[in-house]
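Notes follow once the structure below has been shown.
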Amino acid sequence: MKEALYEKDLTAMKYAILESRRHDRMVREIAADLGISHLLLRRYLMENLDMLLLENLPARYEQGKKFQESLPEVERALSSHLYTRAVPLVGERVMDAIVAETKGKVAAGVPLSEAVSVGKAMIRQVILR
Amino acid sequence: MKRTVDVSFPVGPVHPCWKEPARVKCETRGEYVVSAEVELGYMKKGIERIMKGRPWQEVMFLAERVCGICSVIHNMVFIEALEHISGIDVPRRAALLRVIVNELDRMQSHLLANFSYCYTIEHETLAMYLLDVREKVMDQLERITGARVTCAYIVPGGVRFDLRPEDAQALRLSLSAIGEEVMRYTDMFANGPLIALRSRGIGILTKEAAREAYAVGPTARASGLGDIDRRLRHPTYQSLGFSPIVRTEGDNYARIMVRFQEIAQSIGLIQKCLDELPAGPIRGGGIPGAGEIAYSMEAPRGELTYFVRTDAAGRVLEISIQTPSIMNIEACCHYMLTGVSSLADVTSTFVSSDPCIACTER
């Protein structure tokens, strides 16, 4: 099999980045929030983000969490900005659809916590797909 | 992640315009850059792991070796983190001497960054002029600390050497000459038609994008973010009436101009320190003890943070370093380079963010 010069397998280096204390804390926090295994989340990040974005994730995560406080209730509960712009786990269009569906449920009288947990299950499905 | 694209244009890992190796993979549509991705791993030191378990007396020397260009600030942040953990006070004279050395370090770092940019856009004359001025700044750094890089000048409770009156006088004279030269070169840069063609409106980082990527330092200040300057929260800088330099264009030109303006600002700060320098001790004493802290200060490239945990003997149990280049290169590759209309501008845009791969890879 022909391989281009310098095209390396970056898995080991990406793993080394995510293994650091701050990265590990962030991965475990997100995994706990979404209800998935931190190992699966780590693999998803390694497969979908480049090395530099991985290095910068804790700073982006902290910044995203601060920004999130200024968002409306449903967006804040689903961490829509955090999981699309700060830590890009889900595409913006997909997240918009999840937010719209959650808002619809809340408007129809479903309790917020229940609607949000369904929304988070949808985010989880995107990651585990 | 491998994807199939129209043209994948790799820049680096070895490139004549770059000081250190990194590989930027640009995905292009003709000349237009659709996206960019960075591969690191060509100079990983693993310095955080080397630091763990060692006494602070060894770690303070290792901290300087994270980066050869901004070694003073690594020394300063690590030592000030220990001082905050252990409640060690610093005499006023030593605090001002720290600012003097830190600002000299910032000047030489900014001059090197602007040299790299001018060299990249093929304005070699201005580049060489800037490198010449940098040597004069390095001479002053050596005069005070005894070394050009890895000075190990800052120690818990103070600084290592005092500033003699004749050295202070020589520093004043030198700063005055450097200030005149920098003003002339700033004017050359600000009004050069070739420079404007290669710099204005190129590699734009909007204020929102800068905030989202947590861009720091001159890169963020060139996009209108002034409140992120950590010197605003440092007591010595507060006592000197420091206020950050902010521009709003967000392009390559603005980033280089912010650095030029900050060099002039640093000269002013050093002169103010020399004017206010009181007589007195330069070391107040104190022994680092047990504790944990996340301490940040403004490096030449932006916010530098040390997460440190020590035991009662001052041994470093845990350490994590967040360098400014991590945020700035990420902002550069995922925001500034995306949408660049010509591949010829990729290198200059990358260099305009003052990337330090040694810092990024630690």
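Labels for the structure tokens follow display order: chains A, B, ..., residues from 1 in each chain, ligands from 1.
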
Distance query stretch 123-131 of chain B at most 10 Å, only C-alpha atoms, self and fewer than 4 positions along chain excluded, as a PDB file with C-alpha atoms, in the first residue's frame:
ATOM      1  CA  GLN B 108      12.903  41.141  22.011  1.00  0.00           C
ATOM      2  CA  HIS B 110       7.958  41.135  19.561  1.00  0.00           C
ATOM      3  CA  LEU B 111      10.940  42.253  17.492  1.00  0.00           C
ATOM      4  CA  LEU B 112      11.665  38.643  16.547  1.00  0.00           C
ATOM      5  CA  ALA B 113       7.993  38.056  15.659  1.00  0.00           C
ATOM      6  CA  ASN B 114       7.887  41.151  13.456  1.00  0.00           C
ATOM      7  CA  PHE B 115      11.232  40.197  11.909  1.00  0.00           C
ATOM      8  CA  SER B 116       9.735  36.815  10.961  1.00  0.00           C
ATOM      9  CA  TYR B 117       6.696  38.460   9.428  1.00  0.00           C
ATOM     10  CA  CYS B 118       8.705  40.981   7.375  1.00  0.00           C
ATOM     11  CA  TYR B 119      11.004  38.174   6.232  1.00  0.00           C
ATOM     12  CA  GLU B 135      20.382  42.494  19.537  1.00  0.00           C
ATOM     13  CA  LYS B 136      20.499  45.814  21.389  1.00  0.00           C
ATOM     14  CA  VAL B 137      17.602  44.708  23.576  1.00  0.00           C
ATOM     15  CA  GLU B 181      14.824  53.231  15.797  1.00  0.00           C
ATOM     16  CA  VAL B 182      11.608  51.360  16.521  1.00  0.00           C
ATOM     17  CA  TYR B 185      10.718  51.098  11.526  1.00  0.00           C
ATOM     18  CA  THR B 186       7.116  51.278  12.686  1.00  0.00           C
ATOM     19  CA  MET B 188       8.241  52.093   7.475  1.00  0.00           C
ATOM     20  CA  PHE B 189       5.881  49.223   8.215  1.00  0.00           C
ATOM     21  CA  GLY B 192       4.906  50.743   3.096  1.00  0.00           C
ATOM     22  CA  LEU B 194       4.090  46.516  -0.469  1.00  0.00           C
ATOM     23  CA  ILE B 195       3.459  45.745   3.186  1.00  0.00           C
TER      24      ILE B 195
END

Problem set entry | Interface, chain B side, toward chain A (6 Å; only C-alpha atoms) as a list of chain:residue names | B:Met1, B:Glu39, B:Ala213, B:Ile326, B:Met327, B:Glu330

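Here atom CA of B:Val38 is placed at a distance of 23.6 Å from atom CA of B:Arg65.
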
For this session: Tell me which protein, DNA and RNA residues are within 12 Å of A:Leu40, counting only C-alpha atoms, leaving out same-chain ones fewer than 6 positions away, and put them as number ranges by chain.
Result: A: 27-28, 30-32, 34, 46-47, 124, 127-129

For this session: Mind listing the helix (DSSP H, G or I) residues of stretch 67-155 of chain B, per DSSP on the backbone, as a PyMOL selection string?
Result: chain B and resi 71-86+92-120+124-145

Just-selected residues, C-alpha atoms written as a PDB file, in the first residue's frame:
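So the final result, stored in again09.pdb, reads:
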ATOM      1  CA  SER B  71      12.076  32.301  28.908  1.00  0.00           C
ATOM      2  CA  VAL B  72      11.800  35.169  31.428  1.00  0.00           C
ATOM      3  CA  ILE B  73       8.005  34.950  31.682  1.00  0.00           C
ATOM      4  CA  HIS B  74       8.084  31.168  32.263  1.00  0.00           C
ATOM      5  CA  ASN B  75      10.510  31.817  35.120  1.00  0.00           C
ATOM      6  CA  MET B  76       8.298  34.629  36.447  1.00  0.00           C
ATOM      7  CA  VAL B  77       4.986  32.730  36.296  1.00  0.00           C
ATOM      8  CA  PHE B  78       6.379  29.630  37.977  1.00  0.00           C
ATOM      9  CA  ILE B  79       8.046  31.609  40.765  1.00  0.00           C
ATOM     10  CA  GLU B  80       5.039  33.906  41.320  1.00  0.00           C
ATOM     11  CA  ALA B  81       2.808  30.802  41.464  1.00  0.00           C
ATOM     12  CA  LEU B  82       5.042  29.454  44.261  1.00  0.00           C
ATOM     13  CA  GLU B  83       4.956  32.838  46.007  1.00  0.00           C
ATOM     14  CA  HIS B  84       1.145  32.882  45.904  1.00  0.00           C
ATOM     15  CA  ILE B  85       0.988  29.331  47.264  1.00  0.00           C
ATOM     16  CA  SER B  86       3.320  30.157  50.150  1.00  0.00           C
ATOM     17  CA  ARG B  92       8.973  46.906  45.749  1.00  0.00           C
ATOM     18  CA  ARG B  93      12.449  47.274  44.200  1.00  0.00           C
ATOM     19  CA  ALA B  94      12.491  43.595  43.181  1.00  0.00           C
ATOM     20  CA  ALA B  95       8.920  43.826  41.798  1.00  0.00           C
ATOM     21  CA  LEU B  96       9.933  46.735  39.553  1.00  0.00           C
ATOM     22  CA  LEU B  97      13.122  44.958  38.451  1.00  0.00           C
ATOM     23  CA  ARG B  98      10.943  41.997  37.449  1.00  0.00           C
ATOM     24  CA  VAL B  99       8.828  44.298  35.283  1.00  0.00           C
ATOM     25  CA  ILE B 100      11.952  45.757  33.660  1.00  0.00           C
ATOM     26  CA  VAL B 101      13.313  42.336  32.722  1.00  0.00           C
ATOM     27  CA  ASN B 102       9.908  41.046  31.657  1.00  0.00           C
ATOM     28  CA  GLU B 103       9.327  44.038  29.378  1.00  0.00           C
ATOM     29  CA  LEU B 104      12.801  43.701  27.837  1.00  0.00           C
ATOM     30  CA  ASP B 105      11.925  40.075  27.132  1.00  0.00           C
ATOM     31  CA  ARG B 106       8.615  41.156  25.574  1.00  0.00           C
ATOM     32  CA  MET B 107      10.451  43.683  23.378  1.00  0.00           C
ATOM     33  CA  GLN B 108      12.903  41.141  22.011  1.00  0.00           C
ATOM     34  CA  SER B 109      10.121  38.597  21.448  1.00  0.00           C
ATOM     35  CA  HIS B 110       7.958  41.135  19.561  1.00  0.00           C
ATOM     36  CA  LEU B 111      10.940  42.253  17.492  1.00  0.00           C
ATOM     37  CA  LEU B 112      11.665  38.643  16.547  1.00  0.00           C
ATOM     38  CA  ALA B 113       7.993  38.056  15.659  1.00  0.00           C
ATOM     39  CA  ASN B 114       7.887  41.151  13.456  1.00  0.00           C
ATOM     40  CA  PHE B 115      11.232  40.197  11.909  1.00  0.00           C
ATOM     41  CA  SER B 116       9.735  36.815  10.961  1.00  0.00           C
ATOM     42  CA  TYR B 117       6.696  38.460   9.428  1.00  0.00           C
ATOM     43  CA  CYS B 118       8.705  40.981   7.375  1.00  0.00           C
ATOM     44  CA  TYR B 119      11.004  38.174   6.232  1.00  0.00           C
ATOM     45  CA  THR B 120       7.987  36.094   5.197  1.00  0.00           C
ATOM     46  CA  GLU B 124      14.135  41.541   4.128  1.00  0.00           C
ATOM     47  CA  THR B 125      15.595  45.019   4.683  1.00  0.00           C
ATOM     48  CA  LEU B 126      13.105  45.886   7.415  1.00  0.00           C
ATOM     49  CA  ALA B 127      13.451  42.358   8.789  1.00  0.00           C
ATOM     50  CA  MET B 128      17.208  42.740   9.212  1.00  0.00           C
ATOM     51  CA  TYR B 129      16.821  46.203  10.766  1.00  0.00           C
ATOM     52  CA  LEU B 130      14.490  44.684  13.360  1.00  0.00           C
ATOM     53  CA  LEU B 131      16.887  41.858  14.096  1.00  0.00           C
ATOM     54  CA  ASP B 132      19.618  44.439  14.645  1.00  0.00           C
ATOM     55  CA  VAL B 133      17.464  46.308  17.201  1.00  0.00           C
ATOM     56  CA  ARG B 134      16.678  43.016  18.906  1.00  0.00           C
ATOM     57  CA  GLU B 135      20.382  42.494  19.537  1.00  0.00           C
ATOM     58  CA  LYS B 136      20.499  45.814  21.389  1.00  0.00           C
ATOM     59  CA  VAL B 137      17.602  44.708  23.576  1.00  0.00           C
ATOM     60  CA  MET B 138      19.297  41.371  24.220  1.00  0.00           C
ATOM     61  CA  ASP B 139      22.438  43.241  25.284  1.00  0.00           C
ATOM     62  CA  GLN B 140      20.398  45.093  27.917  1.00  0.00           C
ATOM     63  CA  LEU B 141      18.885  41.844  29.122  1.00  0.00           C
ATOM     64  CA  GLU B 142      22.391  40.445  29.476  1.00  0.00           C
ATOM     65  CA  ARG B 143      23.575  43.589  31.269  1.00  0.00           C
ATOM     66  CA  ILE B 144      20.931  43.145  33.994  1.00  0.00           C
ATOM     67  CA  THR B 145      20.661  39.381  34.313  1.00  0.00           C
TER      68      THR B 145
END

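Between atom CA of B:Arg230 and atom CA of B:Leu274 there is a distance of 22.1 Å.
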
Problem set entry | Separation of atom CA of B:Gly217 from atom CA of B:Phe61 in Å | 24.4 Å

For this session: Would you mind listing what lies within 12 Å of B:Lys19 as a ChimeraX atom specification, with only C-alpha atoms counted and same-chain residues fewer than 2 positions away left out?
Result: /B:12-17,21-22,68-69,112-113,115-117,119-120,347,350-351,354-358

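Residue nearest A:Lys65 within the list A:Val118, A:Ala12, A:Leu41, A:Ala77: A:Ala77 [criterion: smallest interatomic distance, only C-alpha atoms].
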
Seminar exercise, completed: Residue with the minimum atom-to-atom distance to A:Gly104, picked from A:Val116, A:Leu89, A:Leu82, A:Met122 with only C-alpha atoms counted, is A:Val116

Exercise. Which polymer residues have any atom within 10 Å of an atom of A:Glu73, counting only C-alpha atoms, with same-chain residues fewer than 6 positions away left out, as an NGL selection string?
Worked result: :A and (79 or 103 or 112)
